[in-house]
Each structure stands twice: as C-alpha cells, then as structure tokens.
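K.L.:
Take a look at this one; I'll ask things after.
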Number of protein chains: 2
Amino acid sequence: MLRYTGSTAIDYSSSPNCENVGTDAADVIIRPEFNRNQLSPFSVHARPCSTRQNPLVRKLEQFSRLEQGDIQSLDKLVASPKAMRAGQLLVHESSVLDEVYLIVQGMGCRYKLLPGGERQILGYLIPGDLCDIHFITLTKPDHSVALVSDSQVVKIPTQKLNALLANNPRIERALSLAALHDIAILREWLLNVGQRNALQKLSHFFCEMMLRLSRVGQVADDGSFELPINQMALADTTGLTPVHINRTLQRLRSDGLIRLGQRRLYIIDTTRLAAIAGFDDSYLQINQCRR
Amino acid sequence: MLRYTGSTAIDYSSSPNCENVGTDAADVIIRPEFNRNQLSPFSVHARPCSTRQNPLVRKLEQFSRLEQGDIQSLDKLVASPKAMRAGQLLVHESSVLDEVYLIVQGMGCRYKLLPGGERQILGYLIPGDLCDIHFITLTKPDHSVALVSDSQVVKIPTQKLNALLANNPRIERALSLAALHDIAILREWLLNVGQRNALQKLSHFFCEMMLRLSRVGQVADDGSFELPINQMALADTTGLTPVHINRTLQRLRSDGLIRLGQRRLYIIDTTRLAAIAGFDDSYLQINQCRR
DNA sequence: CGGAAGATTGATAACTCTCAAAAATAGTGG
DNA sequence: CCACTATTTTTGAGAGTTATCAATCTTCCG
C-alpha cells in the first residue's frame with residue numbers, strides 16, 4: 001500500500017516510442033504515470049448486447065462481427081445442453097483435456113488449492129464462457145474448474161471445436177479476443193487482491209460481476225442479479241476470511257449500498273459502490289477486432 | 001486462509017466427464033480435490049534449454065520445434081537491439097500499439113496503478129519475452145510496462161510481426177503457447193498474493209524467478225542471478241509493504257536461505273526455500289505442442 | 001564529495017485473522 | 001408439510017500479521 005506522494009516532475013512528453021535514454025530512476029518514471037479517466041459509474045443498465053438466446057453467440061458477437069453462417073454453426077454447437085449440479089468438477093488436475101465445457105446457464109469458477117487447503121478462486125465462468133480455452137493446448141491443467149450453481153452445460157469435443165475454428169476464422173478471432181478479455185480480468189483481480197482493502201475488494205468484485213452479467217442478459221430490470229456464491233467463496237475470491245467477509249458485507253448493507261440474500265445481489269447505489277471500489281470498467285472494455 | 005480439514009469422503013471416481021449428477025454440496029466437491037505431487041526441489045541447475053544466443057529462439061524452442069528457416073527469420077528480427085535505460089516506459093495507457101518490444105537483455109515489468117498511487121506489479125519480462133503479445137489485438141492497453149534495469153530491446157512493428165507469424169505457423173504456435181505460459185504465471189501470482197503469507201510470497205517469487213531465468217541462461221554456475229529489483233518493487237510484487245519486505249528478507253537471510261545484494265540473488269538452499277514457499281513448478285512446465 | 005535513492009530500525013497502530021459458539025437457512029426424508 | 005440435519009451466516013473476544021510513520025544509516029552516482 002504505497003502511495004506516490006512525491007512532487008517530482010513527470011515527463012509525459014517522453015513517449016515510450018522515443019529512443020532517448022531516460023536518466024531518472026526507475027520509480028520516478030514508473031509511478032506517476034497514472035492518469036485515470038474519471039471514475040465513471042459503469043453502464044450496467046444497458047441492455048445486453050444482443051437478444052439472442054445462444055449465450056455463446058451473444059458473447060462472441062461482442063468481439064467480432066459474425067455472419068449468418070457462423071451463428072448457425074454456433075447454434076448447432078449449443079443445441080443440447082446438459083444439466084449439471086453445483087459442485088460438479090469440470091476440470092481437475094488429472095483431467096484428460098479432450099473436451100471443452102461451455103456454460104449455457106449457471107455459473108462456474110476456476111480455482112487453485114494450496115497444500116494446506118487454502119483456496120484461491122481465479123475467476124468465474126458465466127453463460128457464454130468456455131471452460132477453458134486456455135486448456136486446449138495444454139496437456140495438463142494447472143487449476144480446477146467447478147460449477148458453483150446448478151447449470152446447463154455443453155460438452156464440446158476439442159476436436160470438434162478445432163474443426164469449427166479452422167473453418168470459421170471470425171469465430172476463432174472472437175475466441176482469442178475472449179481469452180484476452182479473461183486475462184484482462186485476471187490482471188485486475190491481481191490488483192484487487194494485492195492492493196485494495198476489504199471493502200474495496202468486495203465492492204470491486206460486485207461491480208465487475210454486475211457488468212459482466214449484464215452483458216449476457218443476466219441482470220434483471222430492477223438491477224438485481226443471481227450471485228450463487230457463499231461467503232466462503234467470496235473469501236477465497238478476495239483473499240480474505242469468511243468472518244471478515246461477513247463483517248464487510250454487513251457494512252456494505254448498513255451503508256445502504258447493497259442487498260444480498262437468497263443467492264441474489266442487488267446493488268442499491270451503483271455509483272457509490274463503484275466509487276468505493278475505485279471501479280474503472282476500462283479493463284472490461286471490449287475492443288472489436290481491427291482486422 | 002481457510003484450511004480444508006473435513007473428513008468427508010472424496011469422490012475421486014466421478015470423473016468430470018461423466019454425466020451423473022452430483023448430490024454433494026459445492027464445497028465438499030470443490031475443496032478436497034487437491035492432490036499435489038510431492039513438492040520437488042525444482043531443477044534450476046539444468047543448463048538452459050538451448051545454447052543459442054538469440055533469446056527469442058531460446059524461448060520459443062521450448063514451446064515448439066523450430067526449423068532452420070524459422071530460426072533465421074527470428075535471428076533477423078533480433079538483429080539490432082537498442083539500449084534503453086532502467087525506468088523507461090515501453091507501454092502506457094495512451095500508447096499507440098503499433099509496435100511490440102522484445103527484451104533481449106535486462107528486465108522489465110508490467111504493472112497497474114490505483115488512483116491512490118498503489119502499484120501492483122503483474123509480472124516480469126525477462127530476455128526472450130515479448131512486451132506484449134496481449135496487446136496486439138487491443139486498441140488500448142490496460143496496464144503499463146517499464147524496464148526495471150538497463151536493457152537491450154528490439155522494437156518490432158506489429159505489422160512486421162504479423163507478417164512473420166502468417167508465414168511461420170510454428171512460430172505463431174510457439175507464441176500462443178508462450179502467452180498461455182504467461183497466463184499460468186499470472187494465475188499462480190494471484191494464488192501467491194491471495195493466499196500465502198509474507199515469507200511464502202517472497203520465497204515463491206524467488207523460486208519462480210530462478211527457474212524462469214535459468215531457462216534463458218541467466219543463472220550463473222554458482223546458482224546466483226541478477227535480480228535488479230529493489231525492495232519497493234518486491235513490495236508491489238507481493239502486495240506487501242517495503243518495510244515488511246525488508247524484515248522478511250532479513251529473516252530469509254538470517255535463516256541461511258538466501259544472499260541478496262548488489263542487485264543479485266543467491267539462493268543458498270534451494271530445497272528449503274522451495275519447501276517454505278510451497279513451490280511446485282508444474283505451472284511452469286512447458287508442454288510441447290501436440291499438433 | 002554531496003545529494004538522492006534505497007535499506008534498515010524502532011515504536012505503535014490497525015486491519016484482518018483465529019477460535020469458538022450461537023443463530024439462521026437450506027436441504028432431505030418421512 | 002414437518003422434523004431433522006447439514007450448511008451457512010452471524011457474533012464476540014482476543015491475537016497476530018502486516019501496515020504506518022519517521023528517523024537513521026548505507027549505497028549509488030554524477
């Protein structure tokens with residue numbers, strides 16, 4: 001928790017592209033480059049980007065323009081989802097990675113365990129998310145994936161997916177962008193866990209989930225959404241303790257910021273929560289592919 | 001910091017591929033799946049994977065077999081590196097991403113800043129690392145990259161790189177795998193920052209750096225290596241405070257585990273340090289591409 | 001040599017954790 | 001639909017890492 005309070009002059013003029021050799025010490029240059037856009041109450045109340053039923057299409061359309069044919073292929077892929085119960089493992093240490101799971105409805109999470117039993121949740125999978133494109137080229141997973149709620153899931157043989165991608169460059173492109181999106185989230189999580197305090201961590205997580213879920217049409221008109229995550233999981237998400245999560249939640253509640261119960265979260269004051277969290281949605285901004 | 005201490009029976013038999021519907025509650029299934037291979041003192045004393053001079057070749061060879069032609073192309077790419085000083089920014093918020101940087105010699109880091117000035121370092125770039133393949137498809141970077149030591153750097157126009165990749169599928173494949181490798185490291189960092197204590201965090205970071213650097217021939221015969229990172233940066237890497245880093249370092253030193261000074265780290269007792277860190281190098285394992 | 005950056009130290013505060021138990025909720029079977 | 005159990009949430013008290021603040025010492029570098 002270091003704050004840069006120095007008054008050293010900042011050399012904004014020296015573009016990183018220029019060749020001139022800096023003489024300042026590392027941190028003088030590194031730290032003050034922060035230059036944030038105003039914290040904006042993120043626009044979660046926007047309608048989902050698409051009204052399509054197929055969550056995969058809905059997701060990929062954000063990243064790359066899809067043609068009719070692409071959509072048909074994707075629809076075929078997602079034709080018959082299976083129901084799976086909360087707690088089911090989709091990927092674990094010794095999984096044979098010849099299949100990829102697609103969350104159609106419900107929620108999953110990725111996590112790592114420590115020998116002592118400590119768990120760090122690495123991310124949540126929401127409708128439209130593939131579990132896990134990162135695995136496709138790996139022979140052995142380095143983390144596990146499980147469902148956190150009863151879900152509808154499609155199992156896609158890796159072979160089939162690869163064939164699809166080979167024939168549909170737009171889909172392939174969209175999927176790589178989706179992977180980059182995941183990484184951007186991961187980076188923000190590292191910042192969240194490493195540098196923010198309990199109140200900020202929780203608030204930030206809530207803001208992120210609301211924005212992500214709103215994009216796949218999972219946020220109700222009243223602004224509430226399902227968050228099938230217990231306090232233990234919230235703890236493992238933020239690197240805190242369940243007890244401390246509980247107390248932090250109480251504070252958020254009594255401050256009139258959220259309502260949480262029956263696996264549903266209602267953010268009463270989006271703007272204020274985002275301010276507390278220091279939430280800046282630019283890391284979730286989706287940049288349509290240029291090519 | 002939760003420990004799974006329950007004695008609930010573990011259903012190892014239920015493969016994630018099976019369709020049967022679990023009845024257990026989420027955490028019963030999720031937690032106990034931990035089944036680590038023994039903590040092995042990682043084999044850092046292995047010679048670098050290749051004796052080539054070109055660090056990019058040296059790196060990519062780990063991921064995919066390269067042919068003579070590929071190597072020649074890469075050699076041409078890295079022909080004339082430029083010297084840049086510590087502290088120089090390679091990428092910042094408003095960078096125009098028409099160029100990619102390759103670290104040939106030296107070290108860089110990626111980081112994010114908070115409005116209050118808190119900094120979280122997201123990863124280190126070592127010789128052979130591209131800064132940053134993740135940016136290629138983005139229009140605006142979500143984090144910054146700077147050099148932490150005087151370095152030799154190659155600036156590659158994105159266009160040129162794309163052309164190269166289009167003509168050299170093996171290189172392209174190797175680069176995607178390299179990106180997956182980066183992500184695996186990022187995941188482990190999240191675990192590190194979220195769940196381990198100060199001593200473990202530092203130890204783990206040291207183990208990781210030693211292993212990564214040994215693979216690019218940056219670890220001397222006596223096992224020492226350059227680590228041009230001051231205590232402030234170590235703090236921002238681990239989510240701790242410089243003061244606490246200082247005290248933790250003293251402990252590592254007085255316990256006879258490391259020697260650190262003049263920007264050089266010498267790990268005296270690799271095995272013991274790895275044990276303290278709970279270091280398991282499997283997340284750094286490189287899986288040669290199957291295709 | 002002299003100034004600046006980095007490392008170290010001491011004392012104190014505080015956020016977060018630990019432990020343990022009670023209350024509330026959800027889930028299951030009769 | 002109720003009883004019963006397991007899970008989850010909530011509380012309290014106290015301890016402990018880790019943070020904060022500020023000063024000193026050391027090292028680096030022009």
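In the structure tokens, chains take letters A, B, ... by order of appearance, with residues numbered from 1 within each chain and ligands from 1 in the order shown.
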List as a list in words the protein and nucleic acid residues near DT17 in chain D, meaning an atom at most 12 Å away when only C-alpha atoms (C1' of nucleotides) are counted, but skip any in the same chain fewer than 4 places from it.
P.N.:
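The contact residues come out as Arg196, Asn197, Ala198, Leu199, Leu240, Thr241, His244 and Thr248 of chain B; DA14, DC15, DT16, DC17 and DT18 of chain C.
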K.L.:
Output the selection as a PDB file, in the first residue's frame - N, CA, C and O atoms (P, O5', C5', C4', C3', O3' and C1' of nucleotides) for each residue.
P.N.:
ATOM      1  N   ARG B 196      -0.872 -16.769   0.358  1.00  0.00           N
ATOM      2  CA  ARG B 196       0.324 -17.105   1.123  1.00  0.00           C
ATOM      3  C   ARG B 196       0.736 -15.963   2.049  1.00  0.00           C
ATOM      4  O   ARG B 196       0.372 -14.813   1.821  1.00  0.00           O
ATOM      5  N   ASN B 197       1.505 -16.284   3.071  1.00  0.00           N
ATOM      6  CA  ASN B 197       1.991 -15.245   3.967  1.00  0.00           C
ATOM      7  C   ASN B 197       3.272 -14.630   3.407  1.00  0.00           C
ATOM      8  O   ASN B 197       3.798 -15.091   2.398  1.00  0.00           O
ATOM      9  N   ALA B 198       3.751 -13.621   4.110  1.00  0.00           N
ATOM     10  CA  ALA B 198       4.862 -12.834   3.579  1.00  0.00           C
ATOM     11  C   ALA B 198       6.075 -13.695   3.228  1.00  0.00           C
ATOM     12  O   ALA B 198       6.650 -13.578   2.139  1.00  0.00           O
ATOM     13  N   LEU B 199       6.435 -14.572   4.138  1.00  0.00           N
ATOM     14  CA  LEU B 199       7.621 -15.395   3.921  1.00  0.00           C
ATOM     15  C   LEU B 199       7.434 -16.279   2.690  1.00  0.00           C
ATOM     16  O   LEU B 199       8.336 -16.428   1.863  1.00  0.00           O
ATOM     17  N   LEU B 240       2.828  -6.486  -0.416  1.00  0.00           N
ATOM     18  CA  LEU B 240       3.259  -6.184   0.945  1.00  0.00           C
ATOM     19  C   LEU B 240       3.833  -4.782   0.998  1.00  0.00           C
ATOM     20  O   LEU B 240       3.781  -4.035   0.025  1.00  0.00           O
ATOM     21  N   THR B 241       4.397  -4.447   2.128  1.00  0.00           N
ATOM     22  CA  THR B 241       4.980  -3.135   2.345  1.00  0.00           C
ATOM     23  C   THR B 241       6.500  -3.228   2.272  1.00  0.00           C
ATOM     24  O   THR B 241       7.066  -4.251   2.668  1.00  0.00           O
ATOM     25  N   HIS B 244       7.944  -4.291   5.476  1.00  0.00           N
ATOM     26  CA  HIS B 244       7.737  -5.700   5.792  1.00  0.00           C
ATOM     27  C   HIS B 244       8.598  -6.598   4.903  1.00  0.00           C
ATOM     28  O   HIS B 244       9.064  -7.649   5.344  1.00  0.00           O
ATOM     29  N   THR B 248      11.212  -9.347   6.168  1.00  0.00           N
ATOM     30  CA  THR B 248      11.109 -10.725   5.701  1.00  0.00           C
ATOM     31  C   THR B 248      12.413 -11.167   5.041  1.00  0.00           C
ATOM     32  O   THR B 248      12.862 -12.304   5.222  1.00  0.00           O
TER      33      THR B 248
ATOM     34  P    DA C  14      -5.110   3.185  14.860  1.00  0.00           P
ATOM     35  O5'  DA C  14      -5.232   1.966  13.851  1.00  0.00           O
ATOM     36  C5'  DA C  14      -4.468   1.986  12.644  1.00  0.00           C
ATOM     37  C4'  DA C  14      -4.816   0.747  11.846  1.00  0.00           C
ATOM     38  C3'  DA C  14      -6.233   0.242  12.106  1.00  0.00           C
ATOM     39  O3'  DA C  14      -6.703  -0.386  10.937  1.00  0.00           O
ATOM     40  C1'  DA C  14      -4.745  -1.440  12.646  1.00  0.00           C
ATOM     41  P    DC C  15      -8.049   0.138  10.271  1.00  0.00           P
ATOM     42  O5'  DC C  15      -8.113  -0.814   8.990  1.00  0.00           O
ATOM     43  C5'  DC C  15      -6.920  -1.016   8.227  1.00  0.00           C
ATOM     44  C4'  DC C  15      -6.612  -2.498   8.110  1.00  0.00           C
ATOM     45  C3'  DC C  15      -7.790  -3.370   7.683  1.00  0.00           C
ATOM     46  O3'  DC C  15      -7.380  -4.101   6.549  1.00  0.00           O
ATOM     47  C1'  DC C  15      -6.727  -4.324   9.573  1.00  0.00           C
ATOM     48  P    DT C  16      -8.466  -4.931   5.732  1.00  0.00           P
ATOM     49  O5'  DT C  16      -8.257  -6.392   6.316  1.00  0.00           O
ATOM     50  C5'  DT C  16      -6.942  -6.944   6.322  1.00  0.00           C
ATOM     51  C4'  DT C  16      -6.893  -8.205   7.163  1.00  0.00           C
ATOM     52  C3'  DT C  16      -8.046  -9.191   6.946  1.00  0.00           C
ATOM     53  O3'  DT C  16      -7.499 -10.397   6.453  1.00  0.00           O
ATOM     54  C1'  DT C  16      -7.554  -8.908   9.250  1.00  0.00           C
ATOM     55  P    DC C  17      -8.319 -11.758   6.530  1.00  0.00           P
ATOM     56  O5'  DC C  17      -7.766 -12.393   7.881  1.00  0.00           O
ATOM     57  C5'  DC C  17      -6.372 -12.596   8.028  1.00  0.00           C
ATOM     58  C4'  DC C  17      -6.080 -13.424   9.271  1.00  0.00           C
ATOM     59  C3'  DC C  17      -6.794 -14.774   9.329  1.00  0.00           C
ATOM     60  O3'  DC C  17      -5.872 -15.763   9.749  1.00  0.00           O
ATOM     61  C1'  DC C  17      -7.341 -13.495  11.254  1.00  0.00           C
ATOM     62  P    DT C  18      -6.302 -17.306   9.658  1.00  0.00           P
ATOM     63  O5'  DT C  18      -6.572 -17.704  11.164  1.00  0.00           O
ATOM     64  C5'  DT C  18      -5.824 -17.085  12.194  1.00  0.00           C
ATOM     65  C4'  DT C  18      -6.307 -17.562  13.543  1.00  0.00           C
ATOM     66  C3'  DT C  18      -7.081 -18.886  13.544  1.00  0.00           C
ATOM     67  O3'  DT C  18      -6.561 -19.715  14.566  1.00  0.00           O
ATOM     68  C1'  DT C  18      -8.354 -17.187  14.615  1.00  0.00           C
TER      69       DT C  18
END
K.L.:
For chain C against chain B, with a cut-off of 8 Å and counting only C-alpha atoms (C1' of nucleotides), what is the closest atom pair and its distance in Å to one decimal for every residue that makes the cut, ordered by chain and number, as JSON lines?
P.N.:
{"residue": "C:DG6", "atom": "C1'", "partner": "B:Asn230", "partner_atom": "CA", "distance": 7.6}
{"residue": "C:DA7", "atom": "C1'", "partner": "B:Asn246", "partner_atom": "CA", "distance": 7.6}
{"residue": "C:DT8", "atom": "C1'", "partner": "B:Asn246", "partner_atom": "CA", "distance": 7.6}
K.L.:
So that I can see what lies close to Arg212 in chain A, please list as a VMD selection string the residues with an atom at most 9 Å from it, counting only C-alpha atoms (C1' of nucleotides) and leaving out residues fewer than 4 positions away in the same chain.
P.N.:
chain A and resid 44 126 207 to 208 216 218 284
K.L.:
Ranking A:Asn54, A:Ser144, A:Ser80, A:Gln200 by minimum distance to chain B and counting only C-alpha atoms, which one comes first?
P.N.:
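The answer is A:Ser144, which sits nearest to chain B.
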K.L.:
Please indicate the distance in Å from CA of Ile245 in chain A to C1' of DA21 in chain C, rounded to one decimal place.
P.N.:
18.5 Å
K.L.:
Determine the nearest neighbour of chain A from the options B:Asp221, B:Asp75, B:Asp70, B:Asp150, counting only C-alpha atoms.
P.N.:
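Ranking B:Asp221, B:Asp75, B:Asp70, B:Asp150 by distance to chain A, first place goes to B:Asp150.
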K.L.:
Skip DG30 in chain C itself and residues of its chain fewer than 5 positions away, then list as a PDB file with all heavy atoms, in the first residue's frame all residues within 12 Å of it, counting only C-alpha atoms (C1' of nucleotides).
P.N.:
ATOM      1  P    DC D   1     -48.259 -27.616   2.002  1.00  0.00           P
ATOM      2  OP1  DC D   1     -48.896 -26.482   2.663  1.00  0.00           O
ATOM      3  OP2  DC D   1     -47.192 -27.409   1.023  1.00  0.00           O
ATOM      4  O5'  DC D   1     -47.708 -28.596   3.137  1.00  0.00           O
ATOM      5  C5'  DC D   1     -48.661 -29.131   4.045  1.00  0.00           C
ATOM      6  C4'  DC D   1     -47.953 -29.562   5.311  1.00  0.00           C
ATOM      7  O4'  DC D   1     -47.111 -30.701   5.000  1.00  0.00           O
ATOM      8  C3'  DC D   1     -47.024 -28.499   5.881  1.00  0.00           C
ATOM      9  O3'  DC D   1     -47.074 -28.561   7.311  1.00  0.00           O
ATOM     10  C2'  DC D   1     -45.651 -28.894   5.370  1.00  0.00           C
ATOM     11  C1'  DC D   1     -45.764 -30.401   5.339  1.00  0.00           C
ATOM     12  N1   DC D   1     -44.915 -31.041   4.294  1.00  0.00           N
ATOM     13  C2   DC D   1     -44.207 -32.202   4.622  1.00  0.00           C
ATOM     14  O2   DC D   1     -44.314 -32.669   5.768  1.00  0.00           O
ATOM     15  N3   DC D   1     -43.420 -32.787   3.685  1.00  0.00           N
ATOM     16  C4   DC D   1     -43.349 -32.266   2.467  1.00  0.00           C
ATOM     17  N4   DC D   1     -42.575 -32.884   1.585  1.00  0.00           N
ATOM     18  C5   DC D   1     -44.072 -31.092   2.101  1.00  0.00           C
ATOM     19  C6   DC D   1     -44.829 -30.521   3.037  1.00  0.00           C
ATOM     20  P    DC D   2     -46.232 -27.520   8.231  1.00  0.00           P
ATOM     21  OP1  DC D   2     -47.138 -26.689   9.037  1.00  0.00           O
ATOM     22  OP2  DC D   2     -45.232 -26.896   7.348  1.00  0.00           O
ATOM     23  O5'  DC D   2     -45.488 -28.525   9.211  1.00  0.00           O
ATOM     24  C5'  DC D   2     -46.148 -29.728   9.618  1.00  0.00           C
ATOM     25  C4'  DC D   2     -45.130 -30.656  10.256  1.00  0.00           C
ATOM     26  O4'  DC D   2     -44.372 -31.315   9.207  1.00  0.00           O
ATOM     27  C3'  DC D   2     -44.110 -29.940  11.131  1.00  0.00           C
ATOM     28  O3'  DC D   2     -43.864 -30.716  12.298  1.00  0.00           O
ATOM     29  C2'  DC D   2     -42.882 -29.817  10.253  1.00  0.00           C
ATOM     30  C1'  DC D   2     -42.985 -31.056   9.377  1.00  0.00           C
ATOM     31  N1   DC D   2     -42.415 -30.885   8.014  1.00  0.00           N
ATOM     32  C2   DC D   2     -41.559 -31.884   7.505  1.00  0.00           C
ATOM     33  O2   DC D   2     -41.297 -32.877   8.193  1.00  0.00           O
ATOM     34  N3   DC D   2     -41.042 -31.724   6.259  1.00  0.00           N
ATOM     35  C4   DC D   2     -41.353 -30.638   5.546  1.00  0.00           C
ATOM     36  N4   DC D   2     -40.821 -30.537   4.317  1.00  0.00           N
ATOM     37  C5   DC D   2     -42.219 -29.630   6.045  1.00  0.00           C
ATOM     38  C6   DC D   2     -42.719 -29.784   7.276  1.00  0.00           C
ATOM     39  P    DA D   3     -42.851 -30.146  13.382  1.00  0.00           P
ATOM     40  OP1  DA D   3     -43.463 -30.287  14.715  1.00  0.00           O
ATOM     41  OP2  DA D   3     -42.332 -28.850  12.944  1.00  0.00           O
ATOM     42  O5'  DA D   3     -41.700 -31.234  13.253  1.00  0.00           O
ATOM     43  C5'  DA D   3     -42.052 -32.615  13.130  1.00  0.00           C
ATOM     44  C4'  DA D   3     -40.787 -33.423  12.923  1.00  0.00           C
ATOM     45  O4'  DA D   3     -40.304 -33.197  11.570  1.00  0.00           O
ATOM     46  C3'  DA D   3     -39.654 -33.039  13.862  1.00  0.00           C
ATOM     47  O3'  DA D   3     -38.938 -34.217  14.232  1.00  0.00           O
ATOM     48  C2'  DA D   3     -38.811 -32.094  13.030  1.00  0.00           C
ATOM     49  C1'  DA D   3     -38.991 -32.647  11.629  1.00  0.00           C
ATOM     50  N9   DA D   3     -38.907 -31.666  10.547  1.00  0.00           N
ATOM     51  C8   DA D   3     -39.447 -30.409  10.519  1.00  0.00           C
ATOM     52  N7   DA D   3     -39.224 -29.755   9.399  1.00  0.00           N
ATOM     53  C5   DA D   3     -38.483 -30.655   8.640  1.00  0.00           C
ATOM     54  C6   DA D   3     -37.941 -30.574   7.358  1.00  0.00           C
ATOM     55  N6   DA D   3     -38.063 -29.501   6.561  1.00  0.00           N
ATOM     56  N1   DA D   3     -37.258 -31.644   6.898  1.00  0.00           N
ATOM     57  C2   DA D   3     -37.146 -32.721   7.690  1.00  0.00           C
ATOM     58  N3   DA D   3     -37.625 -32.922   8.917  1.00  0.00           N
ATOM     59  C4   DA D   3     -38.286 -31.836   9.342  1.00  0.00           C
ATOM     60  P    DC D   4     -37.628 -34.059  15.106  1.00  0.00           P
ATOM     61  OP1  DC D   4     -37.465 -35.312  15.849  1.00  0.00           O
ATOM     62  OP2  DC D   4     -37.668 -32.750  15.806  1.00  0.00           O
ATOM     63  O5'  DC D   4     -36.520 -33.994  13.972  1.00  0.00           O
ATOM     64  C5'  DC D   4     -36.451 -35.022  12.987  1.00  0.00           C
ATOM     65  C4'  DC D   4     -35.089 -34.978  12.326  1.00  0.00           C
ATOM     66  O4'  DC D   4     -35.109 -34.021  11.243  1.00  0.00           O
ATOM     67  C3'  DC D   4     -33.973 -34.536  13.262  1.00  0.00           C
ATOM     68  O3'  DC D   4     -32.802 -35.292  12.979  1.00  0.00           O
ATOM     69  C2'  DC D   4     -33.792 -33.063  12.945  1.00  0.00           C
ATOM     70  C1'  DC D   4     -34.126 -33.024  11.465  1.00  0.00           C
ATOM     71  N1   DC D   4     -34.680 -31.742  10.977  1.00  0.00           N
ATOM     72  C2   DC D   4     -34.457 -31.368   9.643  1.00  0.00           C
ATOM     73  O2   DC D   4     -33.814 -32.131   8.921  1.00  0.00           O
ATOM     74  N3   DC D   4     -34.959 -30.195   9.198  1.00  0.00           N
ATOM     75  C4   DC D   4     -35.651 -29.410  10.015  1.00  0.00           C
ATOM     76  N4   DC D   4     -36.126 -28.274   9.516  1.00  0.00           N
ATOM     77  C5   DC D   4     -35.887 -29.766  11.375  1.00  0.00           C
ATOM     78  C6   DC D   4     -35.389 -30.934  11.814  1.00  0.00           C
TER      79       DC D   4
END
K.L.:
Using only C-alpha atoms (C1' of nucleotides), find which residues of chain D lie within 10 Å of chain A and jot them down as a list in words.
P.N.:
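So the residues of chain D near chain A are DT8, DT9, DT10, DT11 and DA19 of chain D.
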K.L.:
Could you work out how far CA of Gln285 in chain B lies from CA of Asp182 in chain B, giving the answer in Å with one decimal?
P.N.:
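Between CA of Asp182 in chain B and CA of Gln285 in chain B the gap is 11.6 Å.
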K.L.:
What residues in range 16-254 of chain B get the DSSP label strand (DSSP E or B)? Please answer as a ChimeraX atom specification.
P.N.:
/B:82-84,89-91,99-105,108-113,119-125,130-131,144-147,151-157,219,224-226
K.L.:
Using CA of Pro55 in chain B and CA of Val104 in chain B as the two end points, give the distance in Å to one decimal.
P.N.:
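These two atoms are separated by 6.2 Å.
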K.L.:
Mind checking which residues fall within 10 Å of Thr158 in chain A, counting only C-alpha atoms (C1' of nucleotides), ignoring those fewer than 5 positions away in the same chain, and posting them as number ranges by chain?
P.N.:
A: 97-101, 133, 135-137, 163-164
K.L.:
Save out the residues we just selected, C-alpha atoms, as a PDB file, in the first residue's frame.
P.N.:
ATOM      1  CA  LEU A  97      -8.476 -32.419 -21.899  1.00  0.00           C
ATOM      2  CA  ASP A  98     -10.240 -33.804 -24.905  1.00  0.00           C
ATOM      3  CA  GLU A  99     -13.346 -31.827 -24.187  1.00  0.00           C
ATOM      4  CA  VAL A 100     -14.248 -28.245 -23.524  1.00  0.00           C
ATOM      5  CA  TYR A 101     -17.227 -27.121 -21.495  1.00  0.00           C
ATOM      6  CA  ILE A 133      -9.918 -22.240 -23.981  1.00  0.00           C
ATOM      7  CA  PHE A 135      -6.615 -25.691 -21.741  1.00  0.00           C
ATOM      8  CA  ILE A 136      -6.909 -26.506 -25.390  1.00  0.00           C
ATOM      9  CA  THR A 137      -3.212 -26.543 -25.993  1.00  0.00           C
ATOM     10  CA  ALA A 163     -12.515 -28.152 -36.748  1.00  0.00           C
ATOM     11  CA  LEU A 164     -15.059 -25.404 -36.289  1.00  0.00           C
TER      12      LEU A 164
END
K.L.:
Which of these, B:Lys160, B:Lys76, B:Arg170, B:His181, has the shortest distance to chain A once you count only C-alpha atoms?
P.N.:
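Looking at the shortest contact to chain A, the residue is B:His181.
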K.L.:
Go through range 35-185 of chain B and collect every residue that DSSP, computed from the backbone, puts in helix (DSSP H, G or I); the answer should be as a ChimeraX atom specification.
P.N.:
/B:55-60,68-77,133-135,158-167,169-185
